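Inspection log for the structure reproduced underneath, given as structure tokens.
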Amino acid sequence: MRSDAGLPPLGPGAQAVRLSFWFVAALVVLAACAWAGSNIRRIPPDSRAVVLRFGSFVRTQDAGLLIAWPRPFESTLLVPGSARVLAQRIQSLERDPRARSADMNVPEAPLPAQEQAAAGTVIGPQDMPPGPPPAPDDVAGPGIAPPAARLPDALAGSGYVLTGDKGVLQLRATLYYRVVDPYAYVLQQDQLAAALERIVSASAVDVVAQRDLDAILVARPELMSADQQVAVKRERLRGDLAQEIQRHLRQLDAQHAGLGVEVARVDVEVAFPAPAVSAFNSVLTSLQVAERSMAEARTSAEKTRQDAQQDADRIVQNAQANAVERVATAQAKTMTIQQLEVPLRTNSDPGLLARVYRERVRSVLSKAASVTTVEPHDTSNLILPGNAR
């Protein structure tokens, strides 16, 4: 065998080839090391990792150091952790921008003829605009846009939700949720936003349809003090909506089509439709005016009742005083007779009546101009003067 010491020295070209070979070999080794450690990574504290081996689920890794086989053997996907809350604004409950622009462009409706007549405005043929009369199709009702500007039913009704008492509301909802099943979340991630939109919209329709208008927002403030249950139902709206959304998510889990999320909370903003705000304000104003009129009527009635009660008390007191006075006068006048009752009944003083008669008859006879006495046992005739005929 020949040793390398007996070989002739390499030329410049061979040395260049040799150095290139070793450089390429080093690059290959470095690339192999980088490829072997490509799935060795740090998981952030608010995330988790899902490890898939040839597309099949292997395991989940919490925050920390993840060691997995390099691609294409295993692949890792980062998903939010269970403590991280995600938010999604529900766009399907909001009114379509085209419908909002159409609402802003609706002209104010004129007063009906009855109201204009009541206001002192007389409408006659001379008040009509010049030109041919409008066609029936060109006439729109109060507050209704012309036919050319009318929207399709689906677009015109967008963003409105019906209540149990046939009221109309607008809802703005924001869903906050957590990831509880990372693998299901990875599988449904592309359809997650659309699925949550449909679930929240359906749940909002169901929950609102089970309540009347006053159980959702303050439509009539006078019911707050009259019925405390209405305020309780209003406070439970968000909780009931979250429970309904969670019920839909459990149904998907039972059908092995879960989204891998759970509801943290739901923020709901409720408002009247813009065209109905003025009508509700008018109704509230009318109710307040009616309540004020009723309060004034009750005050006037109470004042009248108190005045009548005072008059009745005064009449009763005067009658009682007059009755006491008359009783006292009658008792004073009959006192002498009452004093004579006992002696007469017991016959203890036989000459009592004669003495009393003599005492009393003197005062009676003293008031007469003349007195003629006749002996009761005298049989003579008594001639009295009279008028001549």
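Chain lettering (A, B, ...) mirrors the order of the structure tokens, residue numbering begins at 1 for each chain separately, and ligand numbering begins at 1 in order of display.
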If you run DSSP on this backbone, which residues of region 300-378 of chain A come out as helix (DSSP H, G or I), and could you give them as a count of residues only? 60
Next item on the list: Would you list the contacts of region 265-280 of chain A as a ChimeraX atom specification, taking every protein, DNA or RNA residue within 10 Å and counting only C-alpha atoms, but skipping same-chain residues closer than 3 positions in sequence?
Entry: /A:85,87-89,95,100,103-104,106,143,159-160,167-178,200,204,216-220,237-243,245,262,283-286
Using only C-alpha atoms, which protein or nucleic acid residues come within 6 Å of region 211-213 of chain A? Drop anything in the same chain fewer than 3 positions from it, and give the result as an MDAnalysis selection string. chainID A and resid 163:165 208 216
Would you output that residue set with C-alpha atoms, as a PDB file, in the first residue's frame?
```pdb
ATOM      1  CA  THR A 163     -90.073  40.445  20.670  1.00  0.00           C
ATOM      2  CA  GLY A 164     -92.761  38.270  22.196  1.00  0.00           C
ATOM      3  CA  ASP A 165     -95.292  41.133  22.107  1.00  0.00           C
ATOM      4  CA  VAL A 208     -85.843  37.865  22.445  1.00  0.00           C
ATOM      5  CA  ILE A 216     -85.578  43.693  27.401  1.00  0.00           C
TER       6      ILE A 216
END
```
key: Backbone DSSP call of strand (DSSP E or B) for region 184-358 of chain A, listed as an MDAnalysis selection string   = chainID A and resid 261:271
Print the selection's residues with C-alpha atoms to a file, as a PDB file, in the first residue's frame.
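The result, written out as out-v9.pdb:
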```pdb
ATOM      1  CA  VAL A 261     -65.068  26.580  22.239  1.00  0.00           C
ATOM      2  CA  GLU A 262     -67.212  27.602  25.193  1.00  0.00           C
ATOM      3  CA  VAL A 263     -68.944  30.882  25.956  1.00  0.00           C
ATOM      4  CA  ALA A 264     -67.245  33.229  28.419  1.00  0.00           C
ATOM      5  CA  ARG A 265     -69.801  36.031  28.219  1.00  0.00           C
ATOM      6  CA  VAL A 266     -71.966  37.973  25.788  1.00  0.00           C
ATOM      7  CA  ASP A 267     -72.216  41.755  25.626  1.00  0.00           C
ATOM      8  CA  VAL A 268     -75.546  42.943  24.221  1.00  0.00           C
ATOM      9  CA  GLU A 269     -76.606  46.467  23.296  1.00  0.00           C
ATOM     10  CA  VAL A 270     -80.338  46.934  22.721  1.00  0.00           C
ATOM     11  CA  ALA A 271     -81.853  49.930  20.978  1.00  0.00           C
TER      12      ALA A 271
END
```
Taking only C-alpha atoms into account, which of A:Glu74, A:Asp181, A:Asp46, A:Glu94 comes nearest Asp253 (chain A)?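 So, comparing all the options, the nearest one is A:Asp181.
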Shortest contact to Leu352 (chain A), candidates A:Arg53, A:Glu197, A:Glu244, A:Gln339, atoms counted only C-alpha atoms, goes to A:Gln339
Neighbouring residues of region 57-70 of chain A were defined as those with any atom within 9 Å, considering only C-alpha atoms; residues of the same chain fewer than 5 positions away were excluded. Please report them as a compact mmCIF listing (two decimals) with N, CA and C atoms, in the first residue's frame.
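Below you can see out27.txt, which holds the result:
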```txt
# COMPACT_ATOMS: atom_id res chain seq x y z
N TRP A 35 -33.24 21.15 10.20
CA TRP A 35 -34.47 20.40 9.90
C TRP A 35 -34.87 19.51 11.06
N ALA A 36 -33.87 18.86 11.70
CA ALA A 36 -34.17 17.96 12.82
C ALA A 36 -34.74 18.73 14.01
N GLY A 37 -34.34 19.98 14.18
CA GLY A 37 -34.85 20.77 15.32
C GLY A 37 -35.91 21.78 14.94
N SER A 38 -36.52 21.63 13.75
CA SER A 38 -37.52 22.61 13.31
C SER A 38 -38.77 22.60 14.17
N ASN A 39 -39.12 21.48 14.77
CA ASN A 39 -40.31 21.39 15.62
C ASN A 39 -39.97 21.44 17.10
N ILE A 40 -38.81 21.92 17.41
CA ILE A 40 -38.44 22.18 18.81
C ILE A 40 -38.62 23.69 19.00
N ARG A 41 -39.66 24.06 19.75
CA ARG A 41 -40.01 25.46 19.87
C ARG A 41 -40.61 25.75 21.23
N ARG A 42 -40.72 27.01 21.55
CA ARG A 42 -41.28 27.43 22.82
C ARG A 42 -42.74 27.83 22.62
N ILE A 43 -43.60 27.30 23.49
CA ILE A 43 -45.03 27.63 23.44
C ILE A 43 -45.28 28.81 24.37
N PRO A 44 -45.88 29.92 23.90
CA PRO A 44 -46.13 31.08 24.78
C PRO A 44 -47.09 30.72 25.91
N PRO A 45 -47.10 31.52 26.98
CA PRO A 45 -47.97 31.19 28.13
C PRO A 45 -49.47 31.21 27.81
N ASP A 46 -49.90 32.01 26.84
CA ASP A 46 -51.32 32.11 26.54
C ASP A 46 -51.75 31.24 25.36
N SER A 47 -50.92 30.23 25.01
CA SER A 47 -51.21 29.40 23.85
C SER A 47 -50.98 27.93 24.18
N ARG A 48 -51.45 27.10 23.29
CA ARG A 48 -51.21 25.66 23.33
C ARG A 48 -50.87 25.19 21.93
N ALA A 49 -50.27 24.02 21.84
CA ALA A 49 -49.87 23.47 20.56
C ALA A 49 -50.58 22.14 20.32
N VAL A 50 -51.00 21.93 19.08
CA VAL A 50 -51.61 20.68 18.66
C VAL A 50 -50.61 19.97 17.74
N VAL A 51 -50.24 18.76 18.09
CA VAL A 51 -49.25 17.99 17.33
C VAL A 51 -50.00 16.99 16.46
N LEU A 52 -49.72 17.04 15.15
CA LEU A 52 -50.32 16.12 14.18
C LEU A 52 -49.23 15.31 13.52
N SER A 75 -46.40 17.78 12.47
CA SER A 75 -46.61 19.22 12.30
C SER A 75 -47.28 19.76 13.57
N THR A 76 -46.99 21.00 13.90
CA THR A 76 -47.53 21.63 15.11
C THR A 76 -48.30 22.88 14.72
N GLY A 81 -54.77 29.51 24.38
CA GLY A 81 -54.89 28.73 25.60
C GLY A 81 -56.27 28.86 26.22
N PRO A 182 -58.67 21.93 21.72
CA PRO A 182 -57.78 22.47 20.68
C PRO A 182 -57.92 21.74 19.34
N TYR A 183 -58.06 20.40 19.37
CA TYR A 183 -58.14 19.67 18.11
C TYR A 183 -59.40 20.02 17.33
```
Legend entry - Residue among A:Val361, A:Pro72, A:Val161, A:Leu259 lying closest to Ala184 (chain A), counting only C-alpha atoms: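 Under the stated criterion, the closest residue is A:Leu259.
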### Message
For a test of reading the model, state the distance in Å between CA of Leu196 (chain A) and CA of Pro152 (chain A), rounded to one decimal.
### Response
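Distance between the two atoms: 26.0 Å.
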